[in-house]
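**Q** Shown below is the structure under consideration.
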Amino acid sequence: MAFDIDKYTSTSKKVVWGDLDFDQFRTNPLPESTLRSLRYMADIEYHTVCYLRDLLVTPSHKEADVSAFMTMWNREEFWHGEALAAVLGAHGVTLDFDQLKATRLKLGWKDRLDPIKQSLLGNIVGKDFIAVHMIWGAANEWSAVAAYNRMAELEQHPVLAELLRRIAKQEARHVAFYATQARERLGKSRKAQVLARFALKNAWGPVGSSVMEPAEVTHVMGHIFAGPEGLREIRKLDEHISRMPGLDGLTIVENSLRNKYGYVAA
């Protein structure tokens, strides 16, 4: 089914949380391990603008539907960060942009060179780069939906669970766009399939792993995807990806978590 970009852009809005009773966090506060994971998630949502920055120098921004989507997507992700920051604030944890800036500065030249690398790669590869961008985005958004829903189930906090499900619902629309685009573009180009397979197999990592400290990635992934249920969710993510044209057999999520972050589903 085609993704209706006009409907998406006309109905895009910030996630709402003002109607939720945040006072419940005073009588029923979240544990430190959960706050640590939420801090990671908020940081990454706020960093979406940097990902957008890198993509604006590639062929993707020349596609009208992709450009329209990325504009609304960036806006929605910003408000996801704001919502999560509000939860942290209710627990006395302050998240501000000076801290986010410091995280970027730690990356040094890597951060400064990323737009240049993306531009060179995108313009050398041409339009097939867009297919890689789309499946990469789909993998990330599938992961985000799974993470938000999984944390809602694990925590069972009525206010947090409702907020996370609202965020996950918006992330599911992002999945729909990326996956629709990826399936169509990969299906039309064998070259795009080869490029996407190579990129995912050799460079993909959990959302945020290129920005956050490895210890934080390990904590969040172990927290959210612990146990047999967590492993099943991880394998569902890999199944989504491997059903795309030319990507059968890929297990990038499980491989990355096991090989790079010592994931054990115990």
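Residues are named by chain letter and number: chains run A, B, ... in the order of the structure tokens, numbers start at 1 in each chain, and ligands are numbered from 1 in the order shown.
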Please list as a ChimeraX atom specification every residue within 10 Å of region 208-224 of chain A, counting only C-alpha atoms and excluding residues in the same chain fewer than 4 positions away.

**A** /A:33-34,36-41,43-45,47-48,103-104,106-107,110-111,140,146-155,204,229-231,233,257,260-266

**Q** Excluding Leu186 (chain A) and any residue of its chain fewer than 5 positions from it, enumerate the residues within 12 Å of it, using only C-alpha atoms, and give them as a PyMOL selection string.

**A** chain A and resi 127-136+178-181+191-197+241+243-247

**Q** Within 10 Å of region 65-87 of chain A, which residues of region 116-204 of chain A show up? Give each one with its shortest atom-to-atom distance in Å (one decimal) and the two atoms involved, counting only C-alpha atoms, rows by chain then rising residue number, as a Markdown table.

**A**
```
| residue | atom | partner | partner_atom | distance |
| --- | --- | --- | --- | --- |
| A:Ile130 | CA | A:Val66 | CA | 9.1 |
| A:Met134 | CA | A:Val66 | CA | 9.1 |
| A:Val159 | CA | A:Val87 | CA | 9.5 |
| A:Leu160 | CA | A:Val87 | CA | 7.9 |
| A:Leu163 | CA | A:Ala83 | CA | 8.0 |
| A:Leu164 | CA | A:Leu84 | CA | 8.8 |
| A:Arg166 | CA | A:His80 | CA | 9.5 |
| A:Ile167 | CA | A:His80 | CA | 6.5 |
| A:Ala168 | CA | A:His80 | CA | 9.6 |
| A:Gln170 | CA | A:Glu76 | CA | 7.8 |
| A:Glu171 | CA | A:Glu77 | CA | 8.5 |
| A:Arg173 | CA | A:Trp73 | CA | 9.4 |
| A:His174 | CA | A:Trp73 | CA | 7.1 |
| A:Phe177 | CA | A:Phe69 | CA | 7.9 |
| A:Tyr178 | CA | A:Val66 | CA | 9.1 |
| A:Gln181 | CA | A:Val66 | CA | 8.8 |
```

**Q** Filtering to N, CA and C atoms, could you give me those residues as a PDB file, in the first residue's frame?

**A**
```
ATOM      1  N   ILE A 130      19.389   6.629  -1.962  1.00  0.00           N
ATOM      2  CA  ILE A 130      18.122   6.889  -1.270  1.00  0.00           C
ATOM      3  C   ILE A 130      17.540   5.592  -0.717  1.00  0.00           C
ATOM      4  N   MET A 134      16.573   4.840   3.103  1.00  0.00           N
ATOM      5  CA  MET A 134      15.231   4.419   3.494  1.00  0.00           C
ATOM      6  C   MET A 134      15.244   3.144   4.340  1.00  0.00           C
ATOM      7  N   VAL A 159       1.332   6.235  33.786  1.00  0.00           N
ATOM      8  CA  VAL A 159       1.592   7.490  33.080  1.00  0.00           C
ATOM      9  C   VAL A 159       2.696   7.298  32.042  1.00  0.00           C
ATOM     10  N   LEU A 160       3.793   6.695  32.449  1.00  0.00           N
ATOM     11  CA  LEU A 160       4.890   6.474  31.508  1.00  0.00           C
ATOM     12  C   LEU A 160       4.450   5.583  30.359  1.00  0.00           C
ATOM     13  N   LEU A 163       2.399   7.490  27.807  1.00  0.00           N
ATOM     14  CA  LEU A 163       3.228   8.409  27.025  1.00  0.00           C
ATOM     15  C   LEU A 163       4.063   7.652  25.998  1.00  0.00           C
ATOM     16  N   LEU A 164       4.669   6.561  26.419  1.00  0.00           N
ATOM     17  CA  LEU A 164       5.523   5.800  25.507  1.00  0.00           C
ATOM     18  C   LEU A 164       4.721   5.208  24.361  1.00  0.00           C
ATOM     19  N   ARG A 166       2.056   6.536  23.070  1.00  0.00           N
ATOM     20  CA  ARG A 166       1.744   7.651  22.163  1.00  0.00           C
ATOM     21  C   ARG A 166       2.937   7.936  21.256  1.00  0.00           C
ATOM     22  N   ILE A 167       4.126   7.926  21.838  1.00  0.00           N
ATOM     23  CA  ILE A 167       5.330   8.147  21.036  1.00  0.00           C
ATOM     24  C   ILE A 167       5.492   7.014  20.024  1.00  0.00           C
ATOM     25  N   ALA A 168       5.294   5.778  20.474  1.00  0.00           N
ATOM     26  CA  ALA A 168       5.447   4.621  19.587  1.00  0.00           C
ATOM     27  C   ALA A 168       4.462   4.687  18.423  1.00  0.00           C
ATOM     28  N   GLN A 170       3.412   7.375  16.881  1.00  0.00           N
ATOM     29  CA  GLN A 170       3.979   8.273  15.877  1.00  0.00           C
ATOM     30  C   GLN A 170       5.166   7.620  15.176  1.00  0.00           C
ATOM     31  N   GLU A 171       5.992   6.904  15.946  1.00  0.00           N
ATOM     32  CA  GLU A 171       7.132   6.224  15.339  1.00  0.00           C
ATOM     33  C   GLU A 171       6.669   5.178  14.323  1.00  0.00           C
ATOM     34  N   ARG A 173       4.223   5.467  12.290  1.00  0.00           N
ATOM     35  CA  ARG A 173       3.984   6.158  11.014  1.00  0.00           C
ATOM     36  C   ARG A 173       5.305   6.414  10.294  1.00  0.00           C
ATOM     37  N   HIS A 174       6.348   6.667  11.051  1.00  0.00           N
ATOM     38  CA  HIS A 174       7.674   6.835  10.440  1.00  0.00           C
ATOM     39  C   HIS A 174       8.112   5.530   9.784  1.00  0.00           C
ATOM     40  N   PHE A 177       6.438   5.018   6.394  1.00  0.00           N
ATOM     41  CA  PHE A 177       7.052   5.761   5.290  1.00  0.00           C
ATOM     42  C   PHE A 177       8.352   5.107   4.838  1.00  0.00           C
ATOM     43  N   TYR A 178       9.257   4.920   5.778  1.00  0.00           N
ATOM     44  CA  TYR A 178      10.565   4.369   5.431  1.00  0.00           C
ATOM     45  C   TYR A 178      10.444   2.995   4.781  1.00  0.00           C
ATOM     46  N   GLN A 181       8.979   3.149   1.195  1.00  0.00           N
ATOM     47  CA  GLN A 181       9.992   3.664   0.270  1.00  0.00           C
ATOM     48  C   GLN A 181      11.096   2.636   0.027  1.00  0.00           C
TER      49      GLN A 181
END
```

**Q** When you count only C-alpha atoms, which of these residues is closest to Ser242 (chain A): A:Ala144, A:Ala139, A:Leu20, A:Ala203?

**A**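 Among the listed residues, the smallest separation from Ser242 (chain A) belongs to A:Ala139.
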
**Q** Run DSSP on the backbone of this structure and report the residues of region 42-262 of chain A it assigns to alpha helix (DSSP H), as a ChimeraX atom specification.

**A** /A:42-46,48-55,64-89,97-107,109-125,128-155,158-188,190-203,214-224,227-242,252-261
